[in-house]
file target.csv (CSV, C-alpha atoms)
chain,number,residue,atom,x,y,z
T,1,TYR,CA,186.7,112.2,6.2
T,2,PRO,CA,186.2,110.6,9.6
T,3,LYS,CA,185.6,107.0,8.5
T,4,PRO,CA,188.1,104.4,7.1
T,5,GLU,CA,188.9,104.6,3.5
T,6,VAL,CA,190.1,101.5,1.7
T,7,TYR,CA,190.7,101.7,-2.1
T,8,ALA,CA,190.3,98.8,-4.5
T,9,LEU,CA,192.3,99.8,-7.5
T,10,ASN,CA,190.9,97.8,-10.4
T,11,GLY,CA,192.6,99.5,-13.3
T,12,HIS,CA,195.5,101.9,-14.1
T,13,THR,CA,195.6,104.5,-11.3
T,14,LEU,CA,196.8,107.8,-12.6
T,15,ALA,CA,196.5,111.6,-11.9
T,16,ALA,CA,193.5,112.3,-9.7
T,17,GLY,CA,193.0,108.6,-9.1
T,18,VAL,CA,196.4,108.5,-7.4
T,19,LEU,CA,195.6,111.5,-5.3
T,20,LEU,CA,192.3,110.1,-4.1
T,21,ALA,CA,193.9,106.7,-3.4
T,22,LEU,CA,196.7,108.2,-1.4
T,23,THR,CA,194.2,109.8,1.0
T,24,GLY,CA,193.0,106.4,2.2
T,25,GLU,CA,194.4,104.2,4.9
T,26,TYR,CA,194.8,101.1,2.7
T,27,ARG,CA,195.2,100.5,-1.0
T,28,VAL,CA,194.7,97.1,-2.7
T,29,MET,CA,195.7,97.0,-6.4
T,30,ALA,CA,194.9,94.4,-9.0
T,31,ASN,CA,197.9,92.9,-10.6
T,32,GLY,CA,198.6,93.9,-14.2
T,33,PHE,CA,197.9,97.6,-13.7
T,34,SER,CA,200.0,100.7,-13.1
T,35,PHE,CA,200.1,103.6,-10.6
T,36,GLY,CA,201.6,107.0,-11.3
T,37,LEU,CA,201.5,110.8,-11.6
T,38,VAL,CA,202.2,111.7,-15.2
T,39,GLU,CA,201.2,115.4,-15.1
T,40,ILE,CA,204.7,116.6,-15.8
T,41,ASP,CA,204.5,114.9,-19.2
T,42,LEU,CA,201.3,116.9,-19.9
T,43,GLY,CA,203.0,120.2,-19.1
T,44,ILE,CA,201.4,120.5,-15.7
T,45,ALA,CA,203.1,121.0,-12.3
T,46,ILE,CA,200.4,119.9,-9.8
T,47,PRO,CA,199.2,122.5,-7.2
T,48,ARG,CA,201.5,123.3,-4.3
T,49,SER,CA,198.8,122.0,-1.9
T,50,THR,CA,198.9,118.6,-3.6
T,51,VAL,CA,202.6,118.5,-3.3
T,52,ALA,CA,202.2,119.1,0.4
T,53,MET,CA,199.8,116.2,0.7
T,54,LEU,CA,202.2,113.9,-1.3
T,55,GLU,CA,205.1,114.9,1.0
T,56,HIS,CA,203.0,114.1,4.0
T,57,VAL,CA,201.9,110.7,2.7
T,58,LEU,CA,205.0,109.5,0.8
T,59,GLY,CA,207.8,111.6,2.2
T,60,LEU,CA,209.7,114.2,0.3
T,61,ARG,CA,212.0,112.0,-1.8
T,62,LEU,CA,209.3,109.6,-3.1
T,63,ALA,CA,206.9,112.5,-3.8
T,64,GLU,CA,209.7,114.3,-5.7
T,65,ARG,CA,210.6,111.2,-7.6
T,66,MET,CA,207.0,110.6,-8.7
T,67,LEU,CA,206.3,114.1,-9.7
T,68,VAL,CA,209.5,114.9,-11.6
T,69,ARG,CA,209.8,111.6,-13.4
T,70,GLY,CA,206.2,111.2,-14.4
T,71,GLN,CA,206.7,107.5,-14.2
T,72,ARG,CA,204.1,104.8,-14.2
T,73,TYR,CA,204.9,102.0,-11.7
T,74,LYS,CA,203.7,98.5,-12.3
T,75,ALA,CA,201.6,97.1,-9.4
T,76,GLU,CA,204.5,95.2,-7.8
T,77,GLN,CA,206.8,98.3,-8.1
T,78,ALA,CA,204.1,100.4,-6.4
T,79,LEU,CA,203.9,97.8,-3.6
T,80,GLN,CA,207.7,97.9,-3.1
T,81,LEU,CA,207.6,101.7,-2.9
T,82,GLY,CA,204.7,101.8,-0.5
T,83,LEU,CA,202.3,103.4,-2.9
T,84,VAL,CA,199.9,100.5,-2.5
T,85,ASP,CA,199.6,98.1,0.5
T,86,GLU,CA,198.7,94.9,-1.3
T,87,VAL,CA,198.7,93.5,-4.8
T,88,VAL,CA,196.2,90.7,-5.6
T,89,GLU,CA,194.8,89.0,-8.6
T,90,ARG,CA,191.8,90.9,-10.0
T,91,GLU,CA,189.2,88.3,-8.9
T,92,ARG,CA,190.3,88.7,-5.3
T,93,LEU,CA,190.5,92.5,-5.3
T,94,VAL,CA,187.0,93.4,-3.9
T,95,GLU,CA,187.2,90.6,-1.3
T,96,ARG,CA,190.6,91.8,0.1
T,97,ALA,CA,189.5,95.4,0.1
T,98,LEU,CA,186.3,94.5,2.0
T,99,GLU,CA,188.3,92.4,4.5
T,100,HIS,CA,190.5,95.3,5.3
T,101,ALA,CA,187.6,97.8,5.4
T,102,ARG,CA,185.8,95.6,7.9
T,103,LEU,CA,189.0,95.4,10.0
T,104,LEU,CA,189.2,99.2,10.2
T,105,ALA,CA,185.4,99.7,10.6
T,106,ALA,CA,185.5,97.5,13.7
T,107,LYS,CA,187.7,100.1,15.5
T,108,PRO,CA,185.8,102.3,18.0
T,109,PRO,CA,184.5,105.0,15.7
T,110,GLU,CA,185.1,108.1,17.9
T,111,ALA,CA,188.7,107.1,18.6
T,112,TYR,CA,189.2,106.3,15.0
T,113,ARG,CA,187.8,109.7,13.8
T,114,ARG,CA,189.9,111.6,16.4
T,115,LEU,CA,193.1,109.7,15.5
T,116,ARG,CA,192.6,110.3,11.8
T,117,ARG,CA,192.1,114.0,12.4
T,118,TYR,CA,195.2,114.1,14.6
T,119,LEU,CA,197.2,112.4,11.8
T,120,ARG,CA,196.0,114.7,9.1
T,121,GLN,CA,195.0,118.1,10.5
T,122,ASP,CA,198.5,119.8,10.1
T,123,VAL,CA,198.7,118.8,6.4
T,124,ALA,CA,195.1,119.8,5.8
T,125,ALA,CA,195.7,123.3,7.3
T,126,ARG,CA,198.9,123.6,5.2
T,127,MET,CA,197.0,122.6,2.0
T,128,GLU,CA,194.3,125.1,2.6
T,129,ALA,CA,196.8,127.9,3.2
T,130,LEU,CA,198.8,126.9,0.0
T,131,ASP,CA,195.6,126.8,-2.1
T,132,ALA,CA,194.6,130.3,-0.8
T,133,THR,CA,197.9,131.7,-1.8
T,134,HIS,CA,198.9,129.7,-5.0
T,135,LEU,CA,195.9,128.1,-6.7
T,136,HIS,CA,195.8,130.9,-9.2
T,137,GLU,CA,199.2,129.8,-10.4
T,138,PHE,CA,197.9,126.4,-11.2
T,139,VAL,CA,194.9,127.8,-13.0
T,140,ASP,CA,197.1,130.1,-15.1
T,141,GLN,CA,199.4,127.2,-15.9
T,142,TRP,CA,196.5,124.9,-16.9
T,143,PHE,CA,195.3,127.5,-19.4
T,144,SER,CA,198.7,128.4,-20.7
T,145,GLU,CA,199.5,127.9,-24.4
T,146,GLU,CA,202.2,125.3,-23.6
T,147,THR,CA,200.0,123.2,-21.4
T,148,GLN,CA,197.0,123.3,-23.8
T,149,ARG,CA,199.3,122.3,-26.7
T,150,GLN,CA,200.7,119.4,-24.7
T,151,LEU,CA,197.2,118.2,-23.7
T,152,ARG,CA,196.0,118.4,-27.3
T,153,ALA,CA,199.1,116.4,-28.5
T,154,THR,CA,198.5,113.8,-25.8
T,155,LEU,CA,194.8,113.4,-26.7
T,156,GLU,CA,195.7,113.1,-30.4
T,157,ARG,CA,198.2,110.3,-29.6
T,158,MET,CA,195.7,108.5,-27.5
T,159,ILE,CA,193.1,108.6,-30.2
T,160,ALA,CA,195.6,107.6,-32.9
T,161,SER,CA,196.7,104.6,-30.9
T,162,ASP,CA,193.1,103.3,-30.4
T,163,PRO,CA,191.0,103.1,-33.6
T,164,GLN,CA,187.8,102.6,-31.5
T,165,ASP,CA,188.5,106.0,-29.9
T,166,ARG,CA,188.8,107.6,-33.3
T,167,GLU,CA,185.3,106.3,-34.2
T,168,ARG,CA,183.8,107.7,-30.9
T,169,HIS,CA,185.2,111.2,-31.4

call {"tool": "encode", "arguments": {"input": "target.csv", "output": "structure tokens"}}
result
Amino acid sequence: YPKPEVYALNGHTLAAGVLLALTGEYRVMANGFSFGLVEIDLGIAIPRSTVAMLEHVLGLRLAERMLVRGQRYKAEQALQLGLVDEVVERERLVERALEHARLLAAKPPEAYRRLRRYLRQDVAARMEALDATHLHEFVDQWFSEETQRQLRATLERMIASDPQDRERH
């Protein structure tokens, strides 16, 4: 995407939310929430293309740590690890995200677009190649008996822990 992306994270940021947020240039998170990739606990190893993106954004060690542990990091921990760029109180979240978005949007647009492409084109090409070769592995894994059993068990625990969810389902 050729324009600046600033993410205002106003709740727990997990799974696909983490992946989207990590594609942006700046992430502001509201205090009191968590950030993490918990797929391993659901029986899912994320696609190889996504691993490549995480290595590019986070570096191999932090990407490995997040994926293998399946840990949720509190906002302040996420800040210390560089997963988010700023932690603010919830009432200031949108204001801070907009301030940073305006700062980036004030850059010359053609130079910004070109620089962003330069920074990401190698990993984008690698991700496409990995998807072409390995995406079927992820799909097979997603529909495997083990993963489906783990997903059902997780959903049942979530419903059991929130009586309102039980009424909605």

call {"tool": "closest_atom_pairs", "arguments": {"input": "target.csv", "of": "range 63-109 of chain T", "to": "range 12-24 of chain T", "cutoff": "9 Å", "atoms": "all atoms listed in the file", "output": "JSON lines"}}
result
{"residue": "T:Arg72", "atom": "CA", "partner": "T:Leu14", "partner_atom": "CA", "distance": 8.1}
{"residue": "T:Leu83", "atom": "CA", "partner": "T:Leu22", "partner_atom": "CA", "distance": 7.5}
{"residue": "T:Val84", "atom": "CA", "partner": "T:Leu22", "partner_atom": "CA", "distance": 8.4}

call {"tool": "write_last_selection", "arguments": {"input": "target.csv", "atoms": "C-alpha atoms", "output": "PDB file, keeping the file's coordinate frame"}}
result
ATOM      1  CA  ARG T  72     204.100 104.800 -14.200  1.00  0.00           C
ATOM      2  CA  LEU T  83     202.300 103.400  -2.900  1.00  0.00           C
ATOM      3  CA  VAL T  84     199.900 100.500  -2.500  1.00  0.00           C
TER       4      VAL T  84
END

call {"tool": "closest_residue", "arguments": {"input": "target.csv", "among": "T:Lys3, T:Arg48, T:Arg27, T:Arg90", "to": "Phe138 in chain T", "atoms": "all atoms listed in the file"}}
result
T:Arg48

call {"tool": "residues_around", "arguments": {"input": "target.csv", "residues": "Val123 in chain T", "least_positions_apart": "6", "cutoff": "12 Å", "atoms": "all atoms listed in the file", "output": "PyMOL selection string"}}
result
chain T and resi 23+48-57+116-117+129-130

call {"tool": "atom_distance", "arguments": {"input": "target.csv", "atom1": "CA of Tyr112 in chain T", "atom2": "CA of Leu93 in chain T"}}
result
24.6 Å

call {"tool": "atom_distance", "arguments": {"input": "target.csv", "atom1": "CA of Tyr1 in chain T", "atom2": "CA of Gln80 in chain T"}}
result
27.1 Å

call {"tool": "atom_distance", "arguments": {"input": "target.csv", "atom1": "CA of Val139 in chain T", "atom2": "CA of Pro47 in chain T"}}
result
9.0 Å

call {"tool": "closest_residue", "arguments": {"input": "target.csv", "among": "T:Pro108, T:Gly11, T:Pro4, T:Gly43", "to": "Gly70 in chain T", "atoms": "all atoms listed in the file"}}
result
T:Gly43

call {"tool": "closest_atom_pairs", "arguments": {"input": "target.csv", "of": "range 2-67 of chain T", "to": "range 154-163 of chain T", "cutoff": "12 Å", "atoms": "all atoms listed in the file", "output": "JSON lines"}}
result
{"residue": "T:Val38", "atom": "CA", "partner": "T:Thr154", "partner_atom": "CA", "distance": 11.4}
{"residue": "T:Glu39", "atom": "CA", "partner": "T:Thr154", "partner_atom": "CA", "distance": 11.2}
{"residue": "T:Asp41", "atom": "CA", "partner": "T:Thr154", "partner_atom": "CA", "distance": 9.0}
{"residue": "T:Leu42", "atom": "CA", "partner": "T:Thr154", "partner_atom": "CA", "distance": 7.2}
{"residue": "T:Gly43", "atom": "CA", "partner": "T:Thr154", "partner_atom": "CA", "distance": 10.3}

call {"tool": "closest_residue", "arguments": {"input": "target.csv", "among": "T:Gln141, T:Gln77, T:Thr133, T:Gln71", "to": "Gly32 in chain T", "atoms": "all atoms listed in the file"}}
result
T:Gln77
